[in-house]
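Engineer: Pasting a structure below so you can have a look.
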Amino acid sequence: MSLFDGLKNTDMRVKLPVVCFIWELAMIILFGVFIRYNPQADAHYIVNNSNTTYLNEFYFRYPSFQDVHVMIFVGFGFLMTFLQRYSFSAVGFNFLVAAFGIQWALLMQGWFGSLDYSTGKILIGVENLINADFCVASCLIAYGGVLGKTSPVQLMIMTLIGVTLYAVEEYIILTLLNVRDAGGSMVIHIFGAYYGLAISRVLYRPKLNQEKNGSVYHSDVFAMIGTLFLWLFWPSFNSAISNTGDGQHRAMINTYVSLSSSVVTAVAISSLTQKKGKLDMVHIQNATLAGGVAMGTASEMMVSCYGALIVGFCCGIISTLGFVYLTPLLESKLHIQDTCGIHNLHGMPGLIGGIVGAITAAAASEAVYSREGLVSLFNFNGAFANRSASTQGGYQAAGICIALAFGLVGGTVVGFILKLPFWGDAPDENCFEDDVYWEVSLLLTLYILAVL
Amino acid sequence: MSLFDGLKNTDMRVKLPVVCFIWELAMIILFGVFIRYNPQADAHYIVNNSNTTYLNEFYFRYPSFQDVHVMIFVGFGFLMTFLQRYSFSAVGFNFLVAAFGIQWALLMQGWFGSLDYSTGKILIGVENLINADFCVASCLIAYGGVLGKTSPVQLMIMTLIGVTLYAVEEYIILTLLNVRDAGGSMVIHIFGAYYGLAISRVLYRPKLNQEKNGSVYHSDVFAMIGTLFLWLFWPSFNSAISNTGDGQHRAMINTYVSLSSSVVTAVAISSLTQKKGKLDMVHIQNATLAGGVAMGTASEMMVSCYGALIVGFCCGIISTLGFVYLTPLLESKLHIQDTCGIHNLHGMPGLIGGIVGAITAAAASEAVYSREGLVSLFNFNGAFANRSASTQGGYQAAGICIALAFGLVGGTVVGFILKLPFWGDAPDENCFEDDVYWEVSLLLTLYILAVL
Amino acid sequence: MSLFDGLKNTDMRVKLPVVCFIWELAMIILFGVFIRYNPQADAHYIVNNSNTTYLNEFYFRYPSFQDVHVMIFVGFGFLMTFLQRYSFSAVGFNFLVAAFGIQWALLMQGWFGSLDYSTGKILIGVENLINADFCVASCLIAYGGVLGKTSPVQLMIMTLIGVTLYAVEEYIILTLLNVRDAGGSMVIHIFGAYYGLAISRVLYRPKLNQEKNGSVYHSDVFAMIGTLFLWLFWPSFNSAISNTGDGQHRAMINTYVSLSSSVVTAVAISSLTQKKGKLDMVHIQNATLAGGVAMGTASEMMVSCYGALIVGFCCGIISTLGFVYLTPLLESKLHIQDTCGIHNLHGMPGLIGGIVGAITAAAASEAVYSREGLVSLFNFNGAFANRSASTQGGYQAAGICIALAFGLVGGTVVGFILKLPFWGDAPDENCFEDDVYWEVSLLLTLYILAVL
């Protein structure tokens, strides 16, 4: 890195606009060529009039979509405002990256999943929008790993490639292998976390200035806005694309229950591991959410409410312990600087979620689900008509490995791309500092001088 | 109190984790024994396929549930962040208490209301989740009365017993007496407010350090986040468990209308009672919500829009006057230290709401409701088939008394339990101070020194 | 102005309560005389039982209504908290004005649109509530233009007359001319923006103290709460009163797509126009929303996704350029002091939205919409049965002019009313200062002294 340090130029005046304009123009062209409304959103009346009735998919998915949408932009954005002088970048770059990412996701996921082969067009509706938000979530998770250390141009590149990788791994896992992963423990959380951690490893900064890598009082309160909206709407996240009816209903209940027990154990461990038993805001902001991550795969299954409680119970503990003991080790031993602790919130709970899903699927029986319920939930139709529950469990486990591999390999490659010296990332001493990329009013500077 | 002061030890390192773990393990066991999905959330296909159709209750209740959920965690949590140095505790303990409370509420309310007698199991669905949020709301109201003066362990105890009492009084009022109280003016607000006030009375601290019992500029803005989400989603709160169709529709309209007039009169009285007519943020944060509290019982009735306006009009006035004149009196004469002014926001408006409900019910006629409408709204079926509207009015009035009695007696008992010296509450001079239970960064301390 | 300066008295102790009480009492009387529930919200059973079924309009509109409701109170309120010492007024007066405005809007819009001629009553339901929120949005836009320079009494007057004008222009444009404007590019944004700008012009303060007309670090983060909730729920805003089924579905998709491209180009231009390429929070807070404004008219039409992308693309650019180059010119040349830059966010994008809508309507063909789709979308029924698409385009263009005229003329008249010397606005040196109308704790003053 020291070789390049002289080359570092954080001026974004050319780079950022060029990237934004070229990519957005590309989006316009590709949308023009490929994207059309699906019949439920099209004004052209079709025979059975499905577009105008109360059965329009809009009414079954839109409330969940809006909850997910809030999670992506307010939840992730504000969760990352905890740093004392990096709130503009946290919420602002989250906004930029997500807004760009959903466009590219509509295309990538469309090619793999919503293509009308007769016309070659992607037909989109509300479910595509939810999936685009999901896809972007994985890139925002990765952003949490490199928060404070990357330029907006690097984030745009990370997102472009991240969305692309996501669409491919999602296609392999969900479509080719018929793995169930409604809330994305594997495709979103495992992939996103290890993608971000791999990038962070490659971009390791041995002399990183840690002084500003901490919170102040009000920035921690801002971060709680993010935490709470994530926590509240996670039941919608895990149920948004489940089967309508009992599927969505059950997925929501399981997630609600799991999340509630994460809070209790995260608080307990936070108190237990701190001197004088004082709670640490970092744990409350993050580990309370682990139960939602870990129910991502099994939420729509008959995991039972006490099963969901146990999952949340364990993940609240593991995630908090991760913040206390594992994060420092990752930095000192493996040279992974994980700003937001994504390994604790998304990595480990995602792995647990994948495993819980595999076990629950393998244990599924007609006695519990009924034959129709089993077929409907696990999509044992067509090519998968003869798949047994235990086979399904095996494929679920395979999904974990694929998501992990895509994250680690993809992240390593992207890391080396981002290491090139001309993307405008800040030198070590200016990391975690909004002033590098934002006009910050003089008053702030005076305020900081007054305080320090 | 002075006798115990030497014993006060605010170190939570053992107490809090022990309470959290034991209670959460109890939840897992009890959930395992008792809680199952109801048929609408169960994958097992039932004959009429009610689980998979667009008639699944999920679609009628889930958007309202999410609004209520936001109120409980963001609304109540941020409303209490107004204190200058107690925002972590406000939003953090609110989070802990609510997350634990909903689990216990699912069990307690389930035993009283959703028990399948053939199997002995509680069958839960989205409506149970709404009711659990409602139940916890009463405990969070009580938290508002003792904010800044209790340890998290005390709050956990307060919640455990509060939820228990709530489930019993709710069963007596709503089920045994067939009282209507869709938005809980009685069962939630009266109970919660007087439960909290009674506790606060028993825990009276004559030498309480009032210096930190006030706001700073930014903490008041944070509190407005809470106020606004409470205000916005109150129509969902009051309609969430009303009868589907016109019941929910009407409950929402009445609450919206009532709330809008509370804002106008709260502003008017705030200006009128202050020197130079300057508005007081405390009034805007709280009294604007009084119209929602007071429509809790009558919202689903044919109270008419101008009736709702009048209720909001009066409650905006009464609530603001309460903050100006009654709160200081309660402290000086009755030794009730009501940090958030819950008597003004929940106590008095709750009583008014109960009375308005009783009158409206007593005045209900077939001319207005039609026979079918009357039977449907007031559940004049089965054992209550012959009840007249005026009798119903009498039972409604009885509901007020029961809620009040549960709150006052229960709160007094709980108060004496919490007064035991080993729960870790802060000494008088450290009340309203996050630093007692939270790791607070050094920067804050420096900031405070710089400011003061 | 200097003549009146001696008369300026910002004491609201009489004026504000008097206005609030008289107007609220008038609301109660008028509601009592005119407003009743519509059949879908009435307990009285009607023959086809529409009030009790899953077809109740409540289920098709309520989730969108709540999203719009959040935009009005949290979105607009927090967006305006960006000023360093005016956050109480931003969020507090927004609250007051909106809460009063929706009541008056229910009446005004009811007389023009929901009157039951047989009884002379206004029958309200969820759609009226959405429309009332829409109506108030136009007044809140205007508030953005005069933010920091007006007293709450002036705002109440501005709102009373603004709502009245809105109801008339809306009736002319939407009902008499059968213009389509689901998200209100014309009736809301053009009218609101030019209404506010005209008022601001008449109230021009040549010696305005600009020192406090800027942000501090945390106030910019608060403003992002407003921005994000506006951005997230804009798809609901533009689809809330569209035709059920495909109409709402398509309107939502178009708005989502358009907004996403606004973000990318707003960032690009912000970086391009600033020294060293640093981003300006003002642009991110505002110009990112321009794509939502500009899709207000055409969102429900078959504008196609790439068309929506192009609209967002252009408006992100134009809006940001407006902040950089036009706002200073408006002040120096035209003496329009536009605090929030409403001309950039609502004025120009509104005009573009109106034009896009006119072109899209004129280009509508049966090939794309089918005959039934065309009739349904553009309401080519009854008196409009023979209207062609190109004629419709002409009427759409006329709508732009009417909205503009109402805004400019109405705003000028209201401006002169507000210029009367007894409404209690602050002298030039105290503008943008909460202390004029709010009790602000001593700590804040000390804090400011410490900082400056």
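Labeling convention for the structure tokens: chains A, B, ... as they appear, residues from 1 per chain, ligands from 1 in order of appearance.
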At a cut-off of 6 Å, can you tabulate as a Markdown table every residue of region 53-137 of chain C near region 214-234 of chain C together with its closest atom pair and the distance in Å to one decimal, using only C-alpha atoms and ordering rows by chain then number?
Structural biologist:
| residue | atom | partner | partner_atom | distance |
| --- | --- | --- | --- | --- |
| C:Asp67 | CA | C:Phe233 | CA | 5.6 |
| C:Met71 | CA | C:Leu230 | CA | 5.2 |
| C:Val74 | CA | C:Gly226 | CA | 5.9 |
| C:Gly75 | CA | C:Gly226 | CA | 3.9 |
| C:Phe78 | CA | C:Gly226 | CA | 4.3 |
| C:Leu79 | CA | C:Gly226 | CA | 4.2 |
| C:Thr81 | CA | C:Ala223 | CA | 5.4 |
| C:Phe82 | CA | C:Ser219 | CA | 4.7 |
| C:Leu83 | CA | C:Ser215 | CA | 4.6 |
| C:Gln84 | CA | C:Ser215 | CA | 4.5 |
Engineer: Counting only C-alpha atoms, which residues from chain A have an atom at most 6 Å from any atom of chain B, and could you show them as an NGL selection string?
Structural biologist: :A and (217 or 245-246 or 249-250 or 260 or 264 or 268 or 271-272 or 276-280 or 306 or 369-370 or 373 or 451)
Engineer: Residues at most 9 Å from region 298-305 of chain A, counting only C-alpha atoms, excluding those fewer than 5 positions away in the same chain, as a PyMOL selection string?
Structural biologist: (chain A and resi 180-183+185+235+238-239+242-243+246-255+257-258+310+353-354+356-358+360-361+364+368-369+377) or (chain B and resi 28+31-32+35-37+42-43)
Engineer: Save out the residues we just selected, C-alpha atoms, as a CSV table (one decimal), in the first residue's frame.
Structural biologist:
chain,number,residue,atom,x,y,z
A,180,ARG,CA,-35.6,-23.0,-0.2
A,181,ASP,CA,-34.2,-19.8,1.3
A,182,ALA,CA,-37.1,-17.4,1.6
A,183,GLY,CA,-35.3,-14.9,3.9
A,185,SER,CA,-29.7,-16.8,5.3
A,235,PRO,CA,-40.7,-10.7,9.8
A,238,ASN,CA,-38.4,-13.4,5.8
A,239,SER,CA,-42.0,-13.7,4.6
A,242,SER,CA,-42.9,-17.0,0.8
A,243,ASN,CA,-45.9,-18.8,-0.5
A,246,ASP,CA,-50.0,-20.0,5.5
A,247,GLY,CA,-46.4,-19.7,4.2
A,248,GLN,CA,-46.2,-15.9,4.7
A,249,HIS,CA,-48.1,-16.2,7.9
A,250,ARG,CA,-45.8,-18.8,9.4
A,251,ALA,CA,-42.6,-17.2,8.2
A,252,MET,CA,-43.6,-14.0,9.9
A,253,ILE,CA,-44.5,-15.6,13.2
A,254,ASN,CA,-41.2,-17.6,13.4
A,255,THR,CA,-39.1,-14.6,12.7
A,257,VAL,CA,-40.4,-15.1,17.9
A,258,SER,CA,-36.8,-15.7,17.1
A,310,ILE,CA,-34.0,-21.6,20.5
A,353,GLY,CA,-29.6,-20.3,9.6
A,354,GLY,CA,-28.5,-22.4,6.6
A,356,VAL,CA,-31.1,-25.0,10.7
A,357,GLY,CA,-32.8,-24.9,7.4
A,358,ALA,CA,-31.1,-28.0,6.2
A,360,THR,CA,-35.6,-28.7,9.3
A,361,ALA,CA,-36.0,-29.6,5.7
A,364,ALA,CA,-40.0,-32.6,7.2
A,368,VAL,CA,-46.6,-32.6,9.9
A,369,TYR,CA,-47.0,-30.8,6.6
A,377,LEU,CA,-43.6,-25.6,0.4
B,28,ILE,CA,-38.4,-21.9,25.5
B,31,PHE,CA,-43.4,-22.4,24.2
B,32,GLY,CA,-42.3,-26.0,23.5
B,35,ILE,CA,-47.5,-23.0,21.6
B,36,ARG,CA,-48.4,-24.2,18.1
B,37,TYR,CA,-49.4,-22.5,14.9
B,42,ASP,CA,-49.9,-24.2,9.6
B,43,ALA,CA,-48.6,-26.0,6.6
Engineer: Can you tell me how far CA of Met348 (chain C) sits from CA of Leu418 (chain C), in Å to one decimal?
Structural biologist: 25.4 Å
Engineer: Quick one: residues within 8 Å of region 318-329 of chain A, only C-alpha atoms counted, chain neighbours fewer than 2 positions away excluded, as a list in words?
Structural biologist: Ala266, Ile269, Ser270, Thr273, His283, Ala287, Ala290, Cys314, Cys315, Gly316, Glu331, Ser332, Lys333, Leu334, Asp338, Gly341, His343, Asn344, Leu345, Met348 and Pro349 of chain A
Engineer: Nearest residue to Cys139 (chain B) out of B:Ser151, B:Gln337, B:Thr159, B:Asn209, using only C-alpha atoms?
Structural biologist: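 Of B:Ser151, B:Gln337, B:Thr159, B:Asn209, the one nearest Cys139 (chain B), counting only C-alpha atoms, is B:Thr159.
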Engineer: What's around Gly145 (chain C) at 12 Å? Count only C-alpha atoms, leave out sequence neighbours fewer than 3 positions away in its own chain, and write the answer as a ChimeraX atom specification.
Structural biologist: /C:80,90,138-142,148-150,155,158,192-204,327,331,336-347,411
Engineer: Quick one: write out the picked residues with N, CA, C and O atoms as a compact mmCIF listing (two decimals), in the first residue's frame?
Structural biologist:
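Final file, out_35.txt:
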# COMPACT_ATOMS: atom_id res chain seq x y z
N MET C 80 -37.22 19.08 6.76
CA MET C 80 -36.99 20.50 7.04
C MET C 80 -36.20 20.74 8.33
O MET C 80 -35.95 21.88 8.69
N ALA C 90 -39.46 23.24 12.43
CA ALA C 90 -39.62 22.43 11.22
C ALA C 90 -40.60 21.31 11.47
O ALA C 90 -41.63 21.18 10.80
N SER C 138 -49.41 19.90 -0.44
CA SER C 138 -49.13 21.11 -1.22
C SER C 138 -48.82 22.28 -0.29
O SER C 138 -47.95 23.10 -0.59
N CYS C 139 -49.50 22.36 0.84
CA CYS C 139 -49.22 23.45 1.78
C CYS C 139 -47.88 23.26 2.48
O CYS C 139 -47.20 24.24 2.80
N LEU C 140 -47.50 22.02 2.70
CA LEU C 140 -46.21 21.78 3.33
C LEU C 140 -45.07 22.08 2.38
O LEU C 140 -44.00 22.53 2.79
N ILE C 141 -45.29 21.84 1.11
CA ILE C 141 -44.30 22.24 0.10
C ILE C 141 -44.10 23.75 0.18
O ILE C 141 -42.98 24.26 0.23
N ALA C 142 -45.23 24.47 0.22
CA ALA C 142 -45.14 25.93 0.32
C ALA C 142 -44.43 26.35 1.60
O ALA C 142 -43.66 27.31 1.60
N GLY C 148 -38.58 29.26 8.29
CA GLY C 148 -37.68 30.11 9.07
C GLY C 148 -38.07 31.57 9.11
O GLY C 148 -37.48 32.35 9.84
N LYS C 149 -39.08 31.93 8.31
CA LYS C 149 -39.39 33.35 8.17
C LYS C 149 -40.82 33.72 8.55
O LYS C 149 -41.19 34.88 8.44
N THR C 150 -41.59 32.72 8.96
CA THR C 150 -43.00 33.00 9.24
C THR C 150 -43.39 32.52 10.63
O THR C 150 -42.79 31.62 11.18
N LEU C 155 -48.60 30.57 9.16
CA LEU C 155 -48.67 29.25 8.54
C LEU C 155 -50.10 28.71 8.55
O LEU C 155 -50.53 28.06 7.61
N MET C 158 -51.89 30.53 5.79
CA MET C 158 -51.39 29.99 4.52
C MET C 158 -52.03 28.64 4.22
O MET C 158 -52.34 28.32 3.07
N GLY C 192 -48.29 23.69 -5.20
CA GLY C 192 -47.65 23.94 -3.91
C GLY C 192 -46.37 24.76 -4.04
O GLY C 192 -46.13 25.70 -3.27
N ALA C 193 -45.55 24.41 -5.02
CA ALA C 193 -44.28 25.10 -5.18
C ALA C 193 -44.48 26.56 -5.54
O ALA C 193 -43.89 27.46 -4.91
N TYR C 194 -45.33 26.83 -6.51
CA TYR C 194 -45.47 28.23 -6.94
C TYR C 194 -46.30 29.04 -5.96
O TYR C 194 -46.14 30.26 -5.83
N TYR C 195 -47.18 28.37 -5.23
CA TYR C 195 -47.89 29.03 -4.13
C TYR C 195 -46.86 29.50 -3.08
O TYR C 195 -46.86 30.67 -2.67
N GLY C 196 -45.97 28.63 -2.73
CA GLY C 196 -44.96 28.99 -1.74
C GLY C 196 -43.98 30.03 -2.25
O GLY C 196 -43.59 30.95 -1.52
N LEU C 197 -43.58 29.90 -3.50
CA LEU C 197 -42.61 30.85 -4.05
C LEU C 197 -43.22 32.25 -4.18
O LEU C 197 -42.54 33.25 -3.91
N ALA C 198 -44.48 32.31 -4.56
CA ALA C 198 -45.13 33.62 -4.67
C ALA C 198 -45.23 34.28 -3.30
O ALA C 198 -44.96 35.48 -3.15
N ILE C 199 -45.59 33.49 -2.29
CA ILE C 199 -45.65 34.04 -0.93
C ILE C 199 -44.27 34.53 -0.52
O ILE C 199 -44.11 35.63 0.01
N SER C 200 -43.27 33.71 -0.78
CA SER C 200 -41.91 34.06 -0.40
C SER C 200 -41.46 35.35 -1.10
O SER C 200 -40.77 36.17 -0.51
N ARG C 201 -41.87 35.51 -2.35
CA ARG C 201 -41.51 36.72 -3.09
C ARG C 201 -42.11 37.96 -2.44
O ARG C 201 -41.43 38.97 -2.24
N VAL C 202 -43.40 37.86 -2.10
CA VAL C 202 -44.05 39.03 -1.50
C VAL C 202 -43.45 39.34 -0.13
O VAL C 202 -43.32 40.50 0.26
N LEU C 203 -43.07 38.29 0.57
CA LEU C 203 -42.50 38.49 1.91
C LEU C 203 -40.99 38.74 1.88
O LEU C 203 -40.32 38.63 2.91
N TYR C 204 -40.46 39.05 0.74
CA TYR C 204 -39.01 39.24 0.57
C TYR C 204 -38.40 40.09 1.70
O TYR C 204 -38.91 41.16 2.03
N THR C 327 -31.08 28.69 -7.55
CA THR C 327 -31.53 29.24 -6.27
C THR C 327 -30.84 30.57 -5.96
O THR C 327 -31.52 31.54 -5.57
N GLU C 331 -32.84 34.38 -5.79
CA GLU C 331 -32.76 35.35 -4.70
C GLU C 331 -32.22 36.70 -5.16
O GLU C 331 -32.80 37.74 -4.89
N ILE C 336 -36.61 36.08 -4.63
CA ILE C 336 -37.34 34.96 -4.05
C ILE C 336 -36.39 34.18 -3.15
O ILE C 336 -35.40 33.63 -3.62
N GLN C 337 -36.69 34.19 -1.87
CA GLN C 337 -35.85 33.48 -0.90
C GLN C 337 -36.49 32.13 -0.60
O GLN C 337 -37.45 32.04 0.15
N ASP C 338 -35.92 31.10 -1.20
CA ASP C 338 -36.54 29.77 -1.19
C ASP C 338 -35.73 28.87 -0.25
O ASP C 338 -34.80 28.19 -0.65
N THR C 339 -36.13 28.88 1.03
CA THR C 339 -35.29 28.24 2.06
C THR C 339 -34.92 26.79 1.72
O THR C 339 -33.77 26.40 1.80
N CYS C 340 -35.93 26.00 1.38
CA CYS C 340 -35.66 24.58 1.15
C CYS C 340 -35.38 24.25 -0.31
O CYS C 340 -35.19 23.08 -0.65
N GLY C 341 -35.42 25.23 -1.17
CA GLY C 341 -35.24 24.93 -2.59
C GLY C 341 -36.43 24.21 -3.19
O GLY C 341 -36.27 23.30 -3.99
N ILE C 342 -37.64 24.63 -2.84
CA ILE C 342 -38.83 23.93 -3.36
C ILE C 342 -38.96 24.10 -4.87
O ILE C 342 -39.58 23.27 -5.52
N HIS C 343 -38.37 25.15 -5.42
CA HIS C 343 -38.43 25.28 -6.87
C HIS C 343 -37.66 24.16 -7.55
O HIS C 343 -38.06 23.67 -8.61
N ASN C 344 -36.59 23.73 -6.92
CA ASN C 344 -35.77 22.67 -7.50
C ASN C 344 -36.37 21.28 -7.29
O ASN C 344 -36.22 20.40 -8.12
N LEU C 345 -37.01 21.10 -6.16
CA LEU C 345 -37.54 19.77 -5.86
C LEU C 345 -38.98 19.59 -6.33
O LEU C 345 -39.37 18.51 -6.76
N HIS C 346 -39.79 20.66 -6.23
CA HIS C 346 -41.20 20.49 -6.59
C HIS C 346 -41.60 21.28 -7.83
O HIS C 346 -42.41 20.83 -8.63
N GLY C 347 -41.03 22.48 -7.97
CA GLY C 347 -41.43 23.34 -9.09
C GLY C 347 -41.05 22.74 -10.43
O GLY C 347 -41.91 22.32 -11.22
N GLY C 411 -50.83 32.57 -4.30
CA GLY C 411 -49.69 32.85 -3.43
C GLY C 411 -49.44 34.34 -3.29
O GLY C 411 -49.10 34.82 -2.20
Engineer: May I ask for the distance between CA of Leu259 (chain B) and CA of Thr288 (chain B), given in Å to one decimal place?
Structural biologist: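 Separation of CA of Leu259 (chain B) and CA of Thr288 (chain B): 6.9 Å.
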Engineer: Can you tell me, as a count of residues only, which residues in region 227-308 of chain B count as helix (DSSP H, G or I) by DSSP?
Structural biologist: 62
